[in-house]
Amino acid sequence: MMMDLVIEKGLIVTGAGVFEGDVGIRGEKIAAVASTGMFPEAASRIDASGMYVLPGAIDTHAHIEEPFQGCVPEEDWTQATRAAARGGTTSVFNFVIQEKGRALADLIQTHKARAGRLSLIDFNFHGVFTDFSDLDAATAEIPRLFDLGVTSVKQFMIYSREGLATDDWALYNIMREVSAQGGIVGVHAENCAIGEGLTARLAGMGRTRATDWPRAKPPFVEAEAAQRAAMIAEFAQANLYIVHTSTRDAVQIIGGFRARGLPVFLETCPHYLTFTEERLSAPDGKYQVVSPPLRRREDVDALWKALAEGTISIVGSDHNAYGRKDKDPGYERSGFMGVANGQPGILEILAILHSEGVRNGRISLPRMVEVSSTNAAKMFGIYPQKGTIAPGSDADLVIFDPRKEATLGSNLYEAADTSFYEGMRVTGFPVATLVRGRVVVRGGELLAGPGSGRFVAAAVRPGMYAGIR
Ligand SMILES: [Zn+2]
C-alpha cells in the first residue's frame with residue numbers, strides 16, 4: 001500500500017506496550033502499524049531511530065483566552081496551541097464558562113468558531129454552568145451540549161466571590177442529567193465556606209504573602225470536597241472526574257471509591273508532581289499562586305504513587321497564561337488576594353512525565369501514554385479516533401527524543417512571561433508533532449498555521465468508563 005508518510009524505526013509506545021516498528025500514514029489517518037521495512041512505498045519518510053513515537057498528548061484542562069479574577073491571559077488560541085504543539089500536545093479540552101443569563105450551548109458555539117479560526121491543534125470543550133437561578137433551565141440545556149459533541153461538564157465547588165461556585169443541590173442535579181446522557185461531570189473540589197473563610201481570615205491578619213497561600217487552603221479543603229463530590233456522585237449514580245488533585249488525603253479517600261468500582265476518576269497536573277510549597281519562597285513565588293496550592297513532599301510522593309497504581313488516571317495542565325503585567329500590581333496591592341490563580345503549563349506535560357516520572361522509575365512508558373493521552377480520549381468520548389496508535393486512528397503523533405536536553409520556562413512561550421518551570425532542565429523532549437498526519441512542529445520550527453486545528457466531536461457509548469485506570 002502506498003503511504004503518504006512513514007515514520008520509521010521508532011519505538012512505538014501505546015498504553016499496551018512498546019515495540020520497534022513503522023507507522024504508515026495515509027491522509028489524516030494511521031493506515032497501518034508494522035515492523036520496520038513493511039512499507040517500502042511512501043511519498044515521504046521520517047527516520048525515528050532512537051526516538052519514541054507516542055500518541056499526541058491530550059490536555060484535559062486548559063483555560064485559553066479565559067479572563068479570571070481581574071486578569072486577562074497574555075495569549076490567544078494560536079499562541080497557546082503553538083506552545084501545546086511544541087510540547088507534544090495534539091488535542092486540548094478548553095473550558096467554556098457560562099455567562100449568567102446566557103445559554104451555555106450558544107457560548108460553546110461561539111468558542112468553537114473562534115478556536116476553529118485560530119487553533120493549531122484539535123480541540124473540544126468542557127461546559128461550565130454558573131447560572132443556577134433556574135436550575136431546570138440549566139439541566140434542560142445539557143442534552144444540547146451532547147448534540148454539539150460535548151460530553152463533559154465541569155463545576156466549581158468554590159469561588160463564590162467570582163460567582164462561579166455550585167452548591168450541592170445544583171451539583172447533584174447537573175450530575176443526574178449529565179449522567180443520564182452518558183457523560184461525565186468534573187469538579188474543582190474545594191470546600192467553599194471553609195476555603196474562602198480561611199482565605200479571608202488570613203487576609204484580615206495581613207498574611208497574604210505567596211508563602212501564606214498554602215495555609216489559606218490546607219489539604220482538608222480539597223479532601224473534604226472530593227469526598228463530598230464522590231458521595232453525591234454515588235447517590236446520583238453519576239460519573240465523576242475530580243480535576244487538579246493535589247493532596248495525599250484526597251487520593252486516599254477517592255482510592256476507596258475506586259476500590260469499590262465506582263466511576264470516580266482523578267486528574268493531577270505536572271506542577272503538583274514537580275514542586276512543593278517551597279517553590280513559593282523563590283523570588284518569583286508570587287507568580288506561583290495557584291488553586292489548589294502547591295503542597296508538601298509527602299503529597300507529591302503520594303500523587304506519583306497514585307498515578308502509577310491507577311488511582312489517578314489523567315495528567316492535565318490547568319494552563320492559564322496570566323502575565324506579570326496583571327500580577328505584579330495586584331500582588332503589590334493585596335498579596336495573594338490580588339493575583340489571579342493560574343500559571344502556564346500547556347507545553348510541559350510530556351517533558352515532566354518523562355523527565356520526572358519515567359526517568360526516575362516512578363511510571364513506565366506505557367503508563368505515561370495512558371495518563372497523557374489514552375485515558376483522556378476514553379473519558380471524554382474521542383477514543384479510538386484519538387489517544388492511541390492504531391489503524392484508523394487520527395495520525396496525531398509525537399516523535400520524542402528521550403535524550404534531548406531542554407530548559408523549561410517562559411522562554412518556550414511566545415506570550416506567557418512567568419512559569420513554574422523557569423530554568424528547569426529536563427531530559428527528553430518532543431522533536432516533531434503531527435496533527436492528523438500533518439507535521440505541525442519539527443525541530444522547533446512551526447510548519448502549520450492558525451486554523452489548522454479542528455473541533456473533534458465527542459460521543460458517549462456504553463461502558464466507555466469501565467476500563468479506565
Ligand atoms: Zn483550571
# chains A, B, ... in the order shown; residues from 1 in each chain; ligands from 1
>>> closest_atom_pairs(of="chain A", to="ligand 1", cutoff="9 Å", atoms="only C-alpha atoms and all ligand atoms", output="JSON lines")
{"residue": "A:His61", "atom": "CA", "partner": "ligand 1", "partner_atom_place_in_ligand_line": "1 (Zn)", "distance": 6.1}
{"residue": "A:Ala62", "atom": "CA", "partner": "ligand 1", "partner_atom_place_in_ligand_line": "1 (Zn)", "distance": 6.4}
{"residue": "A:His63", "atom": "CA", "partner": "ligand 1", "partner_atom_place_in_ligand_line": "1 (Zn)", "distance": 6.5}
{"residue": "A:Phe95", "atom": "CA", "partner": "ligand 1", "partner_atom_place_in_ligand_line": "1 (Zn)", "distance": 8.2}
{"residue": "A:His188", "atom": "CA", "partner": "ligand 1", "partner_atom_place_in_ligand_line": "1 (Zn)", "distance": 7.6}
{"residue": "A:Val243", "atom": "CA", "partner": "ligand 1", "partner_atom_place_in_ligand_line": "1 (Zn)", "distance": 7.6}
{"residue": "A:His244", "atom": "CA", "partner": "ligand 1", "partner_atom_place_in_ligand_line": "1 (Zn)", "distance": 7.3}
{"residue": "A:Ser291", "atom": "CA", "partner": "ligand 1", "partner_atom_place_in_ligand_line": "1 (Zn)", "distance": 8.0}
{"residue": "A:Ser317", "atom": "CA", "partner": "ligand 1", "partner_atom_place_in_ligand_line": "1 (Zn)", "distance": 8.1}
{"residue": "A:Asp318", "atom": "CA", "partner": "ligand 1", "partner_atom_place_in_ligand_line": "1 (Zn)", "distance": 4.5}
{"residue": "A:His319", "atom": "CA", "partner": "ligand 1", "partner_atom_place_in_ligand_line": "1 (Zn)", "distance": 7.0}
{"residue": "A:Asn320", "atom": "CA", "partner": "ligand 1", "partner_atom_place_in_ligand_line": "1 (Zn)", "distance": 7.6}
{"residue": "A:Asn341", "atom": "CA", "partner": "ligand 1", "partner_atom_place_in_ligand_line": "1 (Zn)", "distance": 8.9}
{"residue": "A:Gly342", "atom": "CA", "partner": "ligand 1", "partner_atom_place_in_ligand_line": "1 (Zn)", "distance": 7.6}
>>> closest_atom_pairs(of="stretch 328-438 of chain A", to="stretch 257-265 of chain A", cutoff="12 Å", atoms="only C-alpha atoms", output="tab-separated table")
residue	atom	partner	partner_atom	distance
A:Val371	CA	A:Phe265	CA	11.6
A:Asn375	CA	A:Phe265	CA	10.3
A:Ala376	CA	A:Phe265	CA	10.8
A:Met379	CA	A:Phe265	CA	9.2
A:Phe380	CA	A:Phe265	CA	12.0
>>> residues_around(residues="A:Leu148", least_positions_apart="3", cutoff="8 Å", atoms="only C-alpha atoms", output="list in words")
Ala105, Arg144, Leu145 and Ala457 of chain A
>>> select_by_dssp(residues="stretch 91-301 of chain A", states="alpha helix (DSSP H)", output="number ranges by chain")
A: 104-118, 135-147, 168-180, 192-204, 213-216, 219-236, 248-259, 270-274, 297-301
>>> residues_around(residues="A:Leu350", least_positions_apart="6", cutoff="12 Å", atoms="only C-alpha atoms", output="PyMOL selection string")
chain A and resi 52+54-59+84-90+269-270+315-317+356-358+365+367-373+398-402+408+426-431
>>> residues_around(residues="A:Val221", least_positions_apart="4", cutoff="6 Å", atoms="only C-alpha atoms", output="PyMOL selection string")
chain A and resi 190-191+195+217
>>> residues_around(residues="A:Gly183", least_positions_apart="6", cutoff="10 Å", atoms="only C-alpha atoms", output="list in words")
Ile142, Phe146, Val150, Thr151, Ser152, Val153, Met175, Arg176, Glu177, Ala238, Asn239, Leu240, Met379, Phe380, Gly381, Ala458, Ala459, Val460, Arg461, Met464 and Tyr465 of chain A
>>> closest_residue(among="A:Ile25, A:Ala432, A:Ile64, A:Leu397", to="A:Ala42", atoms="only C-alpha atoms")
A:Ile25
>>> atom_distance(atom1="atom CA of A:Asp301", atom2="atom CA of A:Leu347")
22.7 Å
>>> residues_around(residues="A:Glu99", least_positions_apart="2", cutoff="9 Å", atoms="only C-alpha atoms", output="ChimeraX atom specification")
/A:97,101-104,107,129-131
>>> write_last_selection(atoms="N, CA and C atoms", output="tab-separated table (two decimals), in the first residue's frame")
chain	number	residue	atom	x	y	z
A	97	ILE	N	-17.02	28.88	30.18
A	97	ILE	CA	-17.75	29.24	31.38
A	97	ILE	C	-18.97	30.07	31.01
A	101	GLY	N	-27.26	34.28	32.56
A	101	GLY	CA	-28.35	34.77	31.73
A	101	GLY	C	-28.23	34.37	30.26
A	102	ARG	N	-27.13	33.69	29.94
A	102	ARG	CA	-26.92	33.30	28.55
A	102	ARG	C	-26.80	31.78	28.45
A	103	ALA	N	-27.29	31.21	27.36
A	103	ALA	CA	-27.23	29.75	27.21
A	103	ALA	C	-25.79	29.30	27.02
A	104	LEU	N	-25.40	28.29	27.79
A	104	LEU	CA	-24.04	27.74	27.68
A	104	LEU	C	-23.77	27.18	26.28
A	107	LEU	N	-22.72	29.76	23.82
A	107	LEU	CA	-21.35	30.21	24.06
A	107	LEU	C	-20.34	29.18	23.52
A	129	PHE	N	-21.41	25.39	34.01
A	129	PHE	CA	-22.60	26.17	34.38
A	129	PHE	C	-22.29	27.09	35.56
A	130	THR	N	-22.76	28.32	35.47
A	130	THR	CA	-22.59	29.27	36.58
A	130	THR	C	-23.91	29.92	36.99
A	131	ASP	N	-24.94	29.77	36.15
A	131	ASP	CA	-26.22	30.42	36.44
A	131	ASP	C	-27.20	29.36	36.95
>>> atom_distance(atom1="atom CA of A:Gln237", atom2="atom CA of A:Asp168")
14.8 Å
>>> closest_residue(among="A:Thr388, A:Gln288, A:Thr208, A:Ser281", to="A:Glu332", atoms="only C-alpha atoms")
A:Thr208
>>> select_by_dssp(residues="stretch 72-148 of chain A", states="strand (DSSP E)", output="NGL selection string")
:A and (89-97 or 122-128)
>>> write_last_selection(atoms="N, CA and C atoms", output="short mmCIF file (atom, residue, chain, number, x, y, z; two decimals), in the first residue's frame")
data_model
loop_
_atom_site.label_atom_id
_atom_site.label_comp_id
_atom_site.auth_asym_id
_atom_site.auth_seq_id
_atom_site.Cartn_x
_atom_site.Cartn_y
_atom_site.Cartn_z
N THR A 89 1.47 18.16 22.57
CA THR A 89 0.02 18.05 22.79
C THR A 89 -0.71 18.32 21.47
N THR A 90 -1.59 17.39 21.10
CA THR A 90 -2.25 17.49 19.79
C THR A 90 -3.76 17.73 19.89
N SER A 91 -4.31 17.62 21.11
CA SER A 91 -5.73 17.97 21.32
C SER A 91 -5.85 18.62 22.69
N VAL A 92 -6.80 19.53 22.80
CA VAL A 92 -7.00 20.20 24.09
C VAL A 92 -8.48 20.32 24.39
N PHE A 93 -8.83 20.12 25.66
CA PHE A 93 -10.18 20.40 26.15
C PHE A 93 -10.13 21.72 26.92
N ASN A 94 -10.78 22.73 26.37
CA ASN A 94 -10.78 24.05 27.00
C ASN A 94 -12.10 24.26 27.71
N PHE A 95 -12.09 25.11 28.73
CA PHE A 95 -13.32 25.38 29.47
C PHE A 95 -14.11 26.50 28.82
N VAL A 96 -15.42 26.33 28.80
CA VAL A 96 -16.31 27.41 28.39
C VAL A 96 -17.21 27.71 29.57
N ILE A 97 -17.02 28.88 30.18
CA ILE A 97 -17.75 29.24 31.38
C ILE A 97 -18.97 30.07 31.01
N ASP A 122 -6.20 20.07 17.57
CA ASP A 122 -7.63 19.76 17.65
C ASP A 122 -8.15 20.09 19.04
N PHE A 123 -9.44 20.31 19.14
CA PHE A 123 -9.96 20.84 20.39
C PHE A 123 -11.40 20.41 20.64
N ASN A 124 -11.78 20.44 21.91
CA ASN A 124 -13.15 20.25 22.36
C ASN A 124 -13.26 21.05 23.66
N PHE A 125 -14.39 20.94 24.33
CA PHE A 125 -14.65 21.80 25.48
C PHE A 125 -15.27 21.02 26.63
N HIS A 126 -15.12 21.58 27.84
CA HIS A 126 -15.95 21.20 28.98
C HIS A 126 -16.85 22.41 29.25
N GLY A 127 -18.15 22.20 29.29
CA GLY A 127 -19.05 23.29 29.65
C GLY A 127 -19.03 23.52 31.16
N VAL A 128 -19.18 24.77 31.57
CA VAL A 128 -19.22 25.11 33.00
C VAL A 128 -20.47 25.95 33.25
#
